[in-house]
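Colleague: Next comes coords25.tsv, TSV, C-alpha atoms (C1' of nucleotides):
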```
chain	number	residue	atom	x	y	z
X	1	MET	CA	84.55	121.50	123.10
X	2	LEU	CA	81.45	121.33	120.97
X	3	LEU	CA	81.38	118.83	118.15
X	4	THR	CA	78.77	117.98	115.59
X	5	VAL	CA	78.69	115.53	112.73
X	6	ARG	CA	76.52	115.05	109.69
X	7	PRO	CA	76.05	111.33	109.09
X	8	ASP	CA	74.57	111.99	105.67
X	9	SER	CA	77.56	113.98	104.50
X	10	PRO	CA	79.79	112.51	101.81
X	11	VAL	CA	82.81	113.14	104.01
X	12	PRO	CA	83.24	110.29	106.47
X	13	ILE	CA	82.34	110.84	110.11
X	14	TYR	CA	85.81	110.08	111.41
X	15	GLU	CA	87.25	112.77	109.16
X	16	GLN	CA	84.69	115.27	110.34
X	17	ILE	CA	85.63	114.54	113.93
X	18	ALA	CA	89.37	114.74	113.28
X	19	ALA	CA	89.01	117.99	111.36
X	20	GLN	CA	87.02	119.59	114.13
X	21	VAL	CA	89.49	118.51	116.77
X	22	VAL	CA	92.32	119.95	114.69
X	23	PHE	CA	90.38	123.14	114.33
X	24	GLY	CA	89.74	123.35	118.04
X	25	VAL	CA	93.28	122.53	119.10
X	26	ALA	CA	94.66	125.11	116.70
X	27	ALA	CA	92.40	127.61	118.42
X	28	GLY	CA	93.57	126.39	121.81
X	29	ASP	CA	90.26	124.99	122.93
X	30	PRO	CA	91.52	121.73	124.30
X	31	PRO	CA	94.90	123.09	125.40
X	32	PRO	CA	98.03	120.92	125.57
X	33	GLY	CA	97.95	118.57	128.51
X	34	ASP	CA	94.19	118.31	128.55
X	35	LEU	CA	92.38	115.11	127.73
X	36	VAL	CA	90.01	114.94	124.81
X	37	PRO	CA	86.63	113.34	125.48
X	38	SER	CA	86.82	109.56	125.75
X	39	VAL	CA	85.86	107.60	122.69
X	40	ARG	CA	82.79	106.23	124.40
X	41	ASP	CA	81.69	109.57	125.77
X	42	LEU	CA	82.04	111.33	122.47
X	43	ALA	CA	80.52	108.41	120.60
X	44	GLN	CA	77.45	108.57	122.79
X	45	ARG	CA	77.11	112.31	122.31
X	46	LEU	CA	77.47	112.04	118.54
X	47	LEU	CA	75.39	108.88	118.30
X	48	VAL	CA	78.10	106.97	116.50
X	49	ASN	CA	80.14	103.90	117.24
X	50	PRO	CA	83.09	104.29	119.62
X	51	ASN	CA	85.34	102.80	116.98
X	52	THR	CA	84.49	105.63	114.63
X	53	VAL	CA	85.70	108.14	117.18
X	54	ALA	CA	88.71	105.93	117.88
X	55	ARG	CA	89.67	106.01	114.24
X	56	ALA	CA	89.63	109.79	114.23
X	57	TYR	CA	91.77	109.84	117.36
X	58	GLN	CA	94.20	107.36	115.85
X	59	ASP	CA	94.68	109.59	112.85
X	60	LEU	CA	95.38	112.47	115.18
X	61	GLU	CA	97.80	110.37	117.17
X	62	ARG	CA	99.61	109.52	113.95
X	63	LEU	CA	99.88	113.26	113.30
X	64	GLY	CA	101.33	113.77	116.75
X	65	VAL	CA	98.37	115.80	117.97
X	66	LEU	CA	97.18	113.31	120.56
X	67	GLU	CA	99.00	110.90	122.79
X	68	THR	CA	97.53	107.79	124.35
X	69	LYS	CA	97.50	107.67	128.11
X	70	ARG	CA	96.33	104.19	128.67
X	71	GLY	CA	93.65	103.93	131.28
X	72	ARG	CA	93.28	107.71	131.38
X	73	GLY	CA	92.45	108.79	127.88
X	74	MET	CA	94.11	110.70	125.10
X	75	GLU	CA	96.02	113.85	125.79
X	76	VAL	CA	96.69	116.87	123.64
X	77	THR	CA	100.44	117.02	123.09
X	78	ALA	CA	102.60	120.06	123.68
X	79	LYS	CA	103.34	120.52	120.01
X	80	ALA	CA	99.74	119.95	118.99
X	81	PRO	CA	98.77	123.60	118.46
X	82	ALA	CA	101.71	124.15	116.16
X	83	LEU	CA	100.99	120.93	114.32
X	84	CYS	CA	97.34	121.72	113.88
X	85	ASP	CA	98.15	125.14	112.62
X	86	ALA	CA	100.67	123.69	110.18
X	87	ARG	CA	98.17	121.08	109.12
X	88	ARG	CA	95.60	123.69	108.31
X	89	ARG	CA	98.11	125.68	106.35
X	90	GLU	CA	99.02	122.58	104.44
X	91	ILE	CA	95.40	121.95	103.60
X	92	ILE	CA	95.00	125.50	102.42
X	93	ARG	CA	98.14	125.24	100.33
X	94	ASP	CA	96.84	122.07	98.71
X	95	ARG	CA	93.57	123.73	97.85
X	96	VAL	CA	95.38	126.70	96.41
X	97	ARG	CA	97.62	124.45	94.40
X	98	ASP	CA	94.63	122.62	92.94
X	99	ALA	CA	93.04	125.87	91.91
X	100	VAL	CA	96.22	127.27	90.42
X	101	ARG	CA	96.89	124.12	88.46
X	102	GLU	CA	93.45	124.05	87.00
X	103	ALA	CA	93.65	127.73	86.17
X	104	ALA	CA	97.03	127.44	84.51
X	105	ALA	CA	95.88	124.50	82.45
X	106	SER	CA	92.98	126.59	81.22
X	107	GLY	CA	95.22	129.39	80.14
X	108	LEU	CA	94.23	131.83	82.84
X	109	THR	CA	96.72	134.44	83.97
X	110	ALA	CA	97.85	135.15	87.50
X	111	ASP	CA	95.67	138.23	87.48
X	112	ASP	CA	92.62	136.20	86.54
X	113	VAL	CA	93.19	133.97	89.52
X	114	GLN	CA	93.71	136.94	91.77
X	115	ALA	CA	90.42	138.40	90.63
X	116	LEU	CA	88.67	135.13	91.40
X	117	VAL	CA	90.18	135.00	94.86
X	118	ASP	CA	89.16	138.56	95.59
X	119	ASP	CA	85.69	137.86	94.34
X	120	GLU	CA	85.20	134.75	96.46
X	121	TRP	CA	86.73	136.47	99.43
X	122	ALA	CA	84.27	139.33	99.15
X	123	LYS	CA	81.34	136.96	98.79
X	124	LEU	CA	82.46	134.96	101.79
X	125	SER	CA	82.95	137.89	104.10
X	126	SER	CA	79.68	139.52	103.15
X	127	ARG	CA	77.86	136.28	103.71
X	128	GLY	CA	79.79	135.74	106.90
X	129	ARG	CA	78.58	139.06	108.22
X	130	ARG	CA	75.00	138.14	107.47
X	131	ARG	CA	74.77	134.65	108.93
X	132	GLY	CA	78.03	133.91	110.64
X	133	ARG	CA	80.54	131.31	109.67
X	134	GLU	CA	78.31	128.71	108.18
X	135	GLU	CA	79.81	125.88	106.23
X	136	ARG	CA	78.04	123.70	103.81
X	137	THR	CA	79.45	120.58	102.26
Z	1	MET	CA	92.57	113.69	69.89
Z	2	LEU	CA	94.88	111.89	72.27
Z	3	LEU	CA	93.41	110.43	75.40
Z	4	THR	CA	94.93	108.49	78.24
Z	5	VAL	CA	93.48	107.05	81.42
Z	6	ARG	CA	94.92	105.72	84.66
Z	7	PRO	CA	92.85	102.74	85.77
Z	8	ASP	CA	94.51	102.78	89.20
Z	9	SER	CA	93.64	106.41	89.84
Z	10	PRO	CA	91.11	107.18	92.56
Z	11	VAL	CA	89.17	109.28	90.08
Z	12	PRO	CA	86.86	107.08	88.03
Z	13	ILE	CA	87.76	106.34	84.43
Z	14	TYR	CA	84.61	107.85	83.00
Z	15	GLU	CA	85.38	111.12	84.75
Z	16	GLN	CA	88.90	111.13	83.41
Z	17	ILE	CA	87.57	110.66	79.91
Z	18	ALA	CA	84.91	113.34	80.26
Z	19	ALA	CA	87.37	115.82	81.72
Z	20	GLN	CA	89.81	115.29	78.89
Z	21	VAL	CA	87.13	115.71	76.27
Z	22	VAL	CA	86.03	118.93	77.93
Z	23	PHE	CA	89.60	120.10	77.96
Z	24	GLY	CA	90.06	119.26	74.32
Z	25	VAL	CA	86.81	120.80	73.16
Z	26	ALA	CA	87.57	123.98	75.06
Z	27	ALA	CA	90.83	124.11	73.14
Z	28	GLY	CA	89.00	123.45	69.89
Z	29	ASP	CA	90.53	120.09	69.23
Z	30	PRO	CA	87.39	118.27	68.27
Z	31	PRO	CA	85.68	121.32	66.75
Z	32	PRO	CA	81.89	121.71	66.67
Z	33	GLY	CA	80.31	119.47	64.07
Z	34	ASP	CA	82.97	116.82	64.35
Z	35	LEU	CA	82.30	113.40	65.72
Z	36	VAL	CA	84.08	112.18	68.79
Z	37	PRO	CA	85.56	108.67	68.60
Z	38	SER	CA	82.92	105.96	68.84
Z	39	VAL	CA	82.48	104.33	72.22
Z	40	ARG	CA	83.84	101.04	70.93
Z	41	ASP	CA	86.79	102.59	69.18
Z	42	LEU	CA	87.82	104.64	72.16
Z	43	ALA	CA	87.12	101.76	74.53
Z	44	GLN	CA	89.46	99.55	72.56
Z	45	ARG	CA	92.18	102.16	72.53
Z	46	LEU	CA	91.91	102.78	76.27
Z	47	LEU	CA	91.40	99.11	77.11
Z	48	VAL	CA	88.18	99.74	78.96
Z	49	ASN	CA	84.60	98.67	78.52
Z	50	PRO	CA	82.54	100.53	75.90
Z	51	ASN	CA	79.98	101.31	78.57
Z	52	THR	CA	82.56	103.19	80.55
Z	53	VAL	CA	83.18	105.47	77.59
Z	54	ALA	CA	79.45	105.67	77.00
Z	55	ARG	CA	78.92	106.91	80.52
Z	56	ALA	CA	81.43	109.69	79.98
Z	57	TYR	CA	79.72	110.66	76.74
Z	58	GLN	CA	76.32	110.62	78.42
Z	59	ASP	CA	77.54	113.03	81.05
Z	60	LEU	CA	78.79	115.27	78.27
Z	61	GLU	CA	75.51	115.00	76.45
Z	62	ARG	CA	73.74	116.04	79.63
Z	63	LEU	CA	76.00	119.08	79.72
Z	64	GLY	CA	75.10	119.89	76.15
Z	65	VAL	CA	78.61	119.27	74.85
Z	66	LEU	CA	77.75	116.27	72.72
Z	67	GLU	CA	74.72	115.32	70.73
Z	68	THR	CA	73.74	111.82	69.75
Z	69	LYS	CA	73.52	111.15	66.03
Z	70	ARG	CA	72.09	107.71	66.04
Z	71	GLY	CA	73.85	105.36	63.71
Z	72	ARG	CA	76.60	107.91	63.08
Z	73	GLY	CA	78.08	108.71	66.46
Z	74	MET	CA	78.20	111.64	68.82
Z	75	GLU	CA	78.78	115.12	67.56
Z	76	VAL	CA	80.33	118.13	69.22
Z	77	THR	CA	77.61	120.76	69.51
Z	78	ALA	CA	77.94	124.34	68.35
Z	79	LYS	CA	77.84	125.73	71.86
Z	80	ALA	CA	80.24	123.10	73.18
Z	81	PRO	CA	83.38	125.26	73.24
Z	82	ALA	CA	81.62	127.95	75.25
Z	83	LEU	CA	80.14	125.36	77.57
Z	84	CYS	CA	83.45	123.63	78.13
Z	85	ASP	CA	85.13	126.90	78.81
Z	86	ALA	CA	82.42	127.83	81.28
Z	87	ARG	CA	82.65	124.43	82.87
Z	88	ARG	CA	86.35	124.82	83.44
Z	89	ARG	CA	85.86	128.24	84.91
Z	90	GLU	CA	83.25	126.81	87.22
Z	91	ILE	CA	85.64	124.14	88.39
Z	92	ILE	CA	88.32	126.72	89.01
Z	93	ARG	CA	85.90	128.88	90.92
Z	94	ASP	CA	84.93	125.94	93.10
Z	95	ARG	CA	88.55	125.21	93.89
Z	96	VAL	CA	89.19	128.83	94.71
Z	97	ARG	CA	86.13	128.91	96.93
Z	98	ASP	CA	87.33	125.86	98.85
Z	99	ALA	CA	90.70	127.43	99.42
Z	100	VAL	CA	89.28	130.76	100.47
Z	101	ARG	CA	86.85	129.18	102.88
Z	102	GLU	CA	89.52	127.15	104.54
Z	103	ALA	CA	91.78	130.14	104.74
Z	104	ALA	CA	89.14	132.39	106.21
Z	105	ALA	CA	88.23	129.78	108.80
Z	106	SER	CA	91.87	129.66	109.84
Z	107	GLY	CA	92.03	133.37	110.32
Z	108	LEU	CA	94.21	134.12	107.32
Z	109	THR	CA	93.95	137.49	105.66
Z	110	ALA	CA	93.35	138.21	102.00
Z	111	ASP	CA	97.01	139.09	101.67
Z	112	ASP	CA	98.07	135.74	103.07
Z	113	VAL	CA	95.98	134.00	100.44
Z	114	GLN	CA	97.41	136.24	97.76
Z	115	ALA	CA	100.92	135.30	98.84
Z	116	LEU	CA	100.04	131.62	98.69
Z	117	VAL	CA	98.63	131.96	95.21
Z	118	ASP	CA	101.68	133.83	93.98
Z	119	ASP	CA	103.93	131.23	95.52
Z	120	GLU	CA	102.16	128.28	93.96
Z	121	TRP	CA	101.92	130.06	90.66
Z	122	ALA	CA	105.65	130.65	90.62
Z	123	LYS	CA	106.38	127.05	91.52
Z	124	LEU	CA	104.06	125.79	88.82
Z	125	SER	CA	105.41	127.93	86.04
Z	126	SER	CA	109.03	127.21	86.88
Z	127	ARG	CA	108.34	123.51	86.96
Z	128	GLY	CA	106.34	123.87	83.77
Z	129	ARG	CA	109.35	125.35	82.03
Z	130	ARG	CA	111.54	122.49	83.16
Z	131	ARG	CA	109.46	119.50	82.29
Z	132	GLY	CA	106.36	120.75	80.55
Z	133	ARG	CA	102.84	120.57	81.81
Z	134	GLU	CA	103.00	117.48	83.91
Z	135	GLU	CA	100.13	116.67	86.21
Z	136	ARG	CA	100.12	114.23	89.02
Z	137	THR	CA	97.06	113.07	90.85
J	1	DG	C1'	92.15	92.70	144.53
J	2	DT	C1'	88.10	94.58	142.52
J	3	DT	C1'	85.70	97.72	139.82
J	4	DA	C1'	85.15	100.99	136.39
J	5	DC	C1'	87.11	103.47	133.36
J	6	DT	C1'	90.41	104.05	129.35
J	7	DG	C1'	92.00	102.72	124.19
J	8	DT	C1'	92.53	98.83	120.68
J	9	DA	C1'	92.32	94.66	117.59
J	10	DC	C1'	89.63	91.84	114.91
J	11	DT	C1'	85.69	90.70	112.28
J	12	DA	C1'	81.60	91.36	109.88
J	13	DG	C1'	78.19	93.55	107.40
J	14	DC	C1'	76.23	97.16	104.96
J	15	DG	C1'	76.18	100.30	101.22
J	16	DA	C1'	77.69	102.71	97.42
J	17	DT	C1'	80.19	102.92	93.18
J	18	DC	C1'	82.52	101.70	89.29
J	19	DT	C1'	83.19	98.55	85.63
J	20	DA	C1'	82.02	94.92	82.57
J	21	DG	C1'	79.00	91.70	79.93
J	22	DT	C1'	75.14	91.00	77.04
J	23	DA	C1'	71.40	92.04	74.27
J	24	DC	C1'	68.75	95.44	72.00
J	25	DA	C1'	67.25	99.57	68.91
J	26	DC	C1'	68.55	102.60	65.42
J	27	DC	C1'	70.79	104.50	61.12
J	28	DA	C1'	73.96	104.74	57.00
J	29	DT	C1'	75.69	102.31	53.26
J	30	DG	C1'	75.98	99.03	49.68
V	1	DC	C1'	66.91	94.21	52.29
V	2	DA	C1'	71.26	93.01	54.48
V	3	DT	C1'	75.29	94.35	56.86
V	4	DG	C1'	78.15	96.74	59.81
V	5	DG	C1'	78.47	100.61	62.12
V	6	DT	C1'	76.43	103.62	65.93
V	7	DG	C1'	74.59	104.51	71.08
V	8	DT	C1'	71.82	102.47	75.03
V	9	DA	C1'	69.36	99.73	78.69
V	10	DC	C1'	69.66	96.29	81.91
V	11	DT	C1'	72.01	93.27	84.86
V	12	DA	C1'	75.60	91.37	87.37
V	13	DG	C1'	80.02	91.12	89.49
V	14	DA	C1'	83.68	92.97	91.96
V	15	DT	C1'	85.78	96.14	94.78
V	16	DC	C1'	86.33	99.40	98.24
V	17	DG	C1'	85.41	102.21	102.27
V	18	DC	C1'	82.88	103.24	106.33
V	19	DT	C1'	80.65	101.88	110.35
V	20	DA	C1'	79.38	98.84	113.98
V	21	DG	C1'	79.69	94.81	117.14
V	22	DT	C1'	82.34	92.21	120.24
V	23	DA	C1'	86.03	90.95	122.99
V	24	DC	C1'	90.42	92.03	124.84
V	25	DA	C1'	94.41	94.68	127.35
V	26	DG	C1'	95.90	98.16	130.26
V	27	DT	C1'	95.56	101.78	134.09
V	28	DA	C1'	93.48	104.41	138.02
V	29	DA	C1'	90.87	104.60	142.13
V	30	DC	C1'	88.92	102.61	145.94
```
Please lay out the structure from this file as structure tokens.

Modeller:
Amino acid sequence: MLLTVRPDSPVPIYEQIAAQVVFGVAAGDPPPGDLVPSVRDLAQRLLVNPNTVARAYQDLERLGVLETKRGRGMEVTAKAPALCDARRREIIRDRVRDAVREAAASGLTADDVQALVDDEWAKLSSRGRRRGREERT
Amino acid sequence: MLLTVRPDSPVPIYEQIAAQVVFGVAAGDPPPGDLVPSVRDLAQRLLVNPNTVARAYQDLERLGVLETKRGRGMEVTAKAPALCDARRREIIRDRVRDAVREAAASGLTADDVQALVDDEWAKLSSRGRRRGREERT
DNA sequence: GTTACTGTACTAGCGATCTAGTACACCATG
DNA sequence: CATGGTGTACTAGATCGCTAGTACAGTAAC
């Protein structure tokens, strides 16, 4: 489980951590039943405060992705993969909704939006082929 | 030119103002050559500080949408409608890009995204018919 | 029981951002 | 020129969110 954070990013560190854990769990990297890295361990690796990691984990616990095993650590729940997958879909749906709303308010048609999506999709995949899945924020 | 702001919204007041002016200008409401409401006038109507309105106007001036006519007010430029339209398209494109990125990272196909867009579009237009163009943030 | 690990609660400080207050510079109008 | 309108610069206050420090509570292993 490889994690990285950008302290200078506008998106808070704890969100970056949580998002990456969700991403990983959805992909099955820390499988259900496994423990995620301890807050102190991960904090040391990422050079952040343990509480920052703890906050990310708490959010994930609230989502039902992690479960506290006091004295042992935090465990990936059985339903976590499904939850993480659903969570990602929800995020995507929100983004799509934002775009559609804005487009509709500007008088664009459904076809216009479709064209935009196709366009961005093409750009993304061509770029992806060149340099891999790189994300900038 | 009807403007409203939500002081309790997470999006800053000056951005709300600027966005609404852009929206209006794109629709031709304050046509090129016309003056937008003075900062004090608008501030009084919206119950905010004149400087807050001024900041919105400054952003718009930076975009080339408004032009300062000292002693008279701020005027909508000739190229403003085109700019505002382009600006809105840019915003839409950004939203679409966000959605596409997220979707691609989750392993969705182009068809999946298309289905999502159609779905949200249908929801939006049906709701639009029921209660008009209502936006929540 | 002791030790070493786990997560957690509370507090504090730092930093950024938005908003407001005040005073100033400029122009049109009479 | 005087007045009342315009935008603007500067400063200050207030708020909010993130991060870190510290101390505490619980569990596992020896």

Colleague: Could you give me, as JSON lines, every chain X residue with an atom at most 10 Å from chain J, plus its closest atom pair and distance in Å to one decimal, counting all atoms listed in the file, rows ordered by chain then number?

Modeller:
```
{"residue": "X:Ser38", "atom": "CA", "partner": "J:DT6", "partner_atom": "C1'", "distance": 7.5}
{"residue": "X:Val39", "atom": "CA", "partner": "J:DG7", "partner_atom": "C1'", "distance": 8.0}
{"residue": "X:Arg40", "atom": "CA", "partner": "J:DT6", "partner_atom": "C1'", "distance": 9.3}
{"residue": "X:Asn51", "atom": "CA", "partner": "J:DT8", "partner_atom": "C1'", "distance": 9.0}
{"residue": "X:Ala54", "atom": "CA", "partner": "J:DG7", "partner_atom": "C1'", "distance": 7.8}
{"residue": "X:Tyr57", "atom": "CA", "partner": "J:DG7", "partner_atom": "C1'", "distance": 9.9}
{"residue": "X:Gln58", "atom": "CA", "partner": "J:DG7", "partner_atom": "C1'", "distance": 9.8}
{"residue": "X:Thr68", "atom": "CA", "partner": "J:DG7", "partner_atom": "C1'", "distance": 7.5}
{"residue": "X:Lys69", "atom": "CA", "partner": "J:DT6", "partner_atom": "C1'", "distance": 8.1}
{"residue": "X:Arg70", "atom": "CA", "partner": "J:DT6", "partner_atom": "C1'", "distance": 6.0}
{"residue": "X:Gly71", "atom": "CA", "partner": "J:DT6", "partner_atom": "C1'", "distance": 3.8}
{"residue": "X:Arg72", "atom": "CA", "partner": "J:DT6", "partner_atom": "C1'", "distance": 5.1}
{"residue": "X:Gly73", "atom": "CA", "partner": "J:DT6", "partner_atom": "C1'", "distance": 5.4}
{"residue": "X:Met74", "atom": "CA", "partner": "J:DG7", "partner_atom": "C1'", "distance": 8.3}
```

Colleague: Using C-alpha atoms, can you export the residues from the last selection as a CSV table (one decimal), in the frame of the given file?

Modeller:
```
chain,number,residue,atom,x,y,z
X,38,SER,CA,86.8,109.6,125.8
X,39,VAL,CA,85.9,107.6,122.7
X,40,ARG,CA,82.8,106.2,124.4
X,51,ASN,CA,85.3,102.8,117.0
X,54,ALA,CA,88.7,105.9,117.9
X,57,TYR,CA,91.8,109.8,117.4
X,58,GLN,CA,94.2,107.4,115.8
X,68,THR,CA,97.5,107.8,124.4
X,69,LYS,CA,97.5,107.7,128.1
X,70,ARG,CA,96.3,104.2,128.7
X,71,GLY,CA,93.6,103.9,131.3
X,72,ARG,CA,93.3,107.7,131.4
X,73,GLY,CA,92.4,108.8,127.9
X,74,MET,CA,94.1,110.7,125.1
```

Colleague: Figure out the distance between atom CA of Val76 of chain X and atom CA of Gly33 of chain X, please, to one decimal in Å.

Modeller: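 Result for atom CA of Gly33 of chain X versus atom CA of Val76 of chain X: 5.3 Å, one decimal.
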
Colleague: Residues of chain Z within 12 Å of chain X, counting only C-alpha atoms, what are they? List them as JSON, numbers by chain.

Modeller: {"Z": [19, 20, 22, 23, 24, 25, 26, 27, 84, 85, 86, 87, 88, 89, 90, 91, 92, 93, 94, 95, 96, 97, 98, 99, 100, 101, 102, 103, 104, 105, 106, 107, 108, 109, 110, 111, 112, 113, 114, 115, 116, 117, 118, 119, 120, 121, 122, 123, 124, 125, 127, 128, 132, 133, 134, 135, 136, 137]}

Colleague: Could those selected residues go to a file with C-alpha atoms, as a PDB file, keeping the file's coordinate frame?

Modeller:
```pdb
ATOM      1  CA  ALA Z  19      87.370 115.820  81.720  1.00  0.00           C
ATOM      2  CA  GLN Z  20      89.810 115.290  78.890  1.00  0.00           C
ATOM      3  CA  VAL Z  22      86.030 118.930  77.930  1.00  0.00           C
ATOM      4  CA  PHE Z  23      89.600 120.100  77.960  1.00  0.00           C
ATOM      5  CA  GLY Z  24      90.060 119.260  74.320  1.00  0.00           C
ATOM      6  CA  VAL Z  25      86.810 120.800  73.160  1.00  0.00           C
ATOM      7  CA  ALA Z  26      87.570 123.980  75.060  1.00  0.00           C
ATOM      8  CA  ALA Z  27      90.830 124.110  73.140  1.00  0.00           C
ATOM      9  CA  CYS Z  84      83.450 123.630  78.130  1.00  0.00           C
ATOM     10  CA  ASP Z  85      85.130 126.900  78.810  1.00  0.00           C
ATOM     11  CA  ALA Z  86      82.420 127.830  81.280  1.00  0.00           C
ATOM     12  CA  ARG Z  87      82.650 124.430  82.870  1.00  0.00           C
ATOM     13  CA  ARG Z  88      86.350 124.820  83.440  1.00  0.00           C
ATOM     14  CA  ARG Z  89      85.860 128.240  84.910  1.00  0.00           C
ATOM     15  CA  GLU Z  90      83.250 126.810  87.220  1.00  0.00           C
ATOM     16  CA  ILE Z  91      85.640 124.140  88.390  1.00  0.00           C
ATOM     17  CA  ILE Z  92      88.320 126.720  89.010  1.00  0.00           C
ATOM     18  CA  ARG Z  93      85.900 128.880  90.920  1.00  0.00           C
ATOM     19  CA  ASP Z  94      84.930 125.940  93.100  1.00  0.00           C
ATOM     20  CA  ARG Z  95      88.550 125.210  93.890  1.00  0.00           C
ATOM     21  CA  VAL Z  96      89.190 128.830  94.710  1.00  0.00           C
ATOM     22  CA  ARG Z  97      86.130 128.910  96.930  1.00  0.00           C
ATOM     23  CA  ASP Z  98      87.330 125.860  98.850  1.00  0.00           C
ATOM     24  CA  ALA Z  99      90.700 127.430  99.420  1.00  0.00           C
ATOM     25  CA  VAL Z 100      89.280 130.760 100.470  1.00  0.00           C
ATOM     26  CA  ARG Z 101      86.850 129.180 102.880  1.00  0.00           C
ATOM     27  CA  GLU Z 102      89.520 127.150 104.540  1.00  0.00           C
ATOM     28  CA  ALA Z 103      91.780 130.140 104.740  1.00  0.00           C
ATOM     29  CA  ALA Z 104      89.140 132.390 106.210  1.00  0.00           C
ATOM     30  CA  ALA Z 105      88.230 129.780 108.800  1.00  0.00           C
ATOM     31  CA  SER Z 106      91.870 129.660 109.840  1.00  0.00           C
ATOM     32  CA  GLY Z 107      92.030 133.370 110.320  1.00  0.00           C
ATOM     33  CA  LEU Z 108      94.210 134.120 107.320  1.00  0.00           C
ATOM     34  CA  THR Z 109      93.950 137.490 105.660  1.00  0.00           C
ATOM     35  CA  ALA Z 110      93.350 138.210 102.000  1.00  0.00           C
ATOM     36  CA  ASP Z 111      97.010 139.090 101.670  1.00  0.00           C
ATOM     37  CA  ASP Z 112      98.070 135.740 103.070  1.00  0.00           C
ATOM     38  CA  VAL Z 113      95.980 134.000 100.440  1.00  0.00           C
ATOM     39  CA  GLN Z 114      97.410 136.240  97.760  1.00  0.00           C
ATOM     40  CA  ALA Z 115     100.920 135.300  98.840  1.00  0.00           C
ATOM     41  CA  LEU Z 116     100.040 131.620  98.690  1.00  0.00           C
ATOM     42  CA  VAL Z 117      98.630 131.960  95.210  1.00  0.00           C
ATOM     43  CA  ASP Z 118     101.680 133.830  93.980  1.00  0.00           C
ATOM     44  CA  ASP Z 119     103.930 131.230  95.520  1.00  0.00           C
ATOM     45  CA  GLU Z 120     102.160 128.280  93.960  1.00  0.00           C
ATOM     46  CA  TRP Z 121     101.920 130.060  90.660  1.00  0.00           C
ATOM     47  CA  ALA Z 122     105.650 130.650  90.620  1.00  0.00           C
ATOM     48  CA  LYS Z 123     106.380 127.050  91.520  1.00  0.00           C
ATOM     49  CA  LEU Z 124     104.060 125.790  88.820  1.00  0.00           C
ATOM     50  CA  SER Z 125     105.410 127.930  86.040  1.00  0.00           C
ATOM     51  CA  ARG Z 127     108.340 123.510  86.960  1.00  0.00           C
ATOM     52  CA  GLY Z 128     106.340 123.870  83.770  1.00  0.00           C
ATOM     53  CA  GLY Z 132     106.360 120.750  80.550  1.00  0.00           C
ATOM     54  CA  ARG Z 133     102.840 120.570  81.810  1.00  0.00           C
ATOM     55  CA  GLU Z 134     103.000 117.480  83.910  1.00  0.00           C
ATOM     56  CA  GLU Z 135     100.130 116.670  86.210  1.00  0.00           C
ATOM     57  CA  ARG Z 136     100.120 114.230  89.020  1.00  0.00           C
ATOM     58  CA  THR Z 137      97.060 113.070  90.850  1.00  0.00           C
TER      59      THR Z 137
END
```

Colleague: Return the neighbours of chain X among the residues of chain V, cut-off 9 Å, counting only C-alpha atoms (C1' of nucleotides), as a VMD selection string.

Modeller: chain V and resid 18 to 20 26 to 28

Colleague: Report the distance between atom CA of Leu35 of chain X and atom CA of Arg62 of chain X in Å, rounded to one decimal place.

Modeller: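 That distance, rounded to one decimal, is 16.5 Å.
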
Colleague: What separation in Å, quoted to one decimal, exists between atom CA of Arg45 of chain Z and atom CA of Leu83 of chain Z?

Modeller: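 Straight-line distance from atom CA of Arg45 of chain Z to atom CA of Leu83 of chain Z works out to 26.6 Å.
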
Colleague: Which residues are close to segment 77-79 of chain X, i.e. within 8 Å by only C-alpha atoms (C1' of nucleotides), leaving aside same-chain residues fewer than 2 positions away? Reply as an MDAnalysis selection string.

Modeller: chainID X and resid 32:33 64:67 75 81:83

Colleague: Please save C-alpha atoms of the selected residues as a compact mmCIF listing (two decimals), in the frame of the given file.

Modeller:
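Writing the result to out03.txt gives the following:
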```txt
# COMPACT_ATOMS: atom_id res chain seq x y z
CA PRO X 32 98.03 120.92 125.57
CA GLY X 33 97.95 118.57 128.51
CA GLY X 64 101.33 113.77 116.75
CA VAL X 65 98.37 115.80 117.97
CA LEU X 66 97.18 113.31 120.56
CA GLU X 67 99.00 110.90 122.79
CA GLU X 75 96.02 113.85 125.79
CA PRO X 81 98.77 123.60 118.46
CA ALA X 82 101.71 124.15 116.16
CA LEU X 83 100.99 120.93 114.32
```
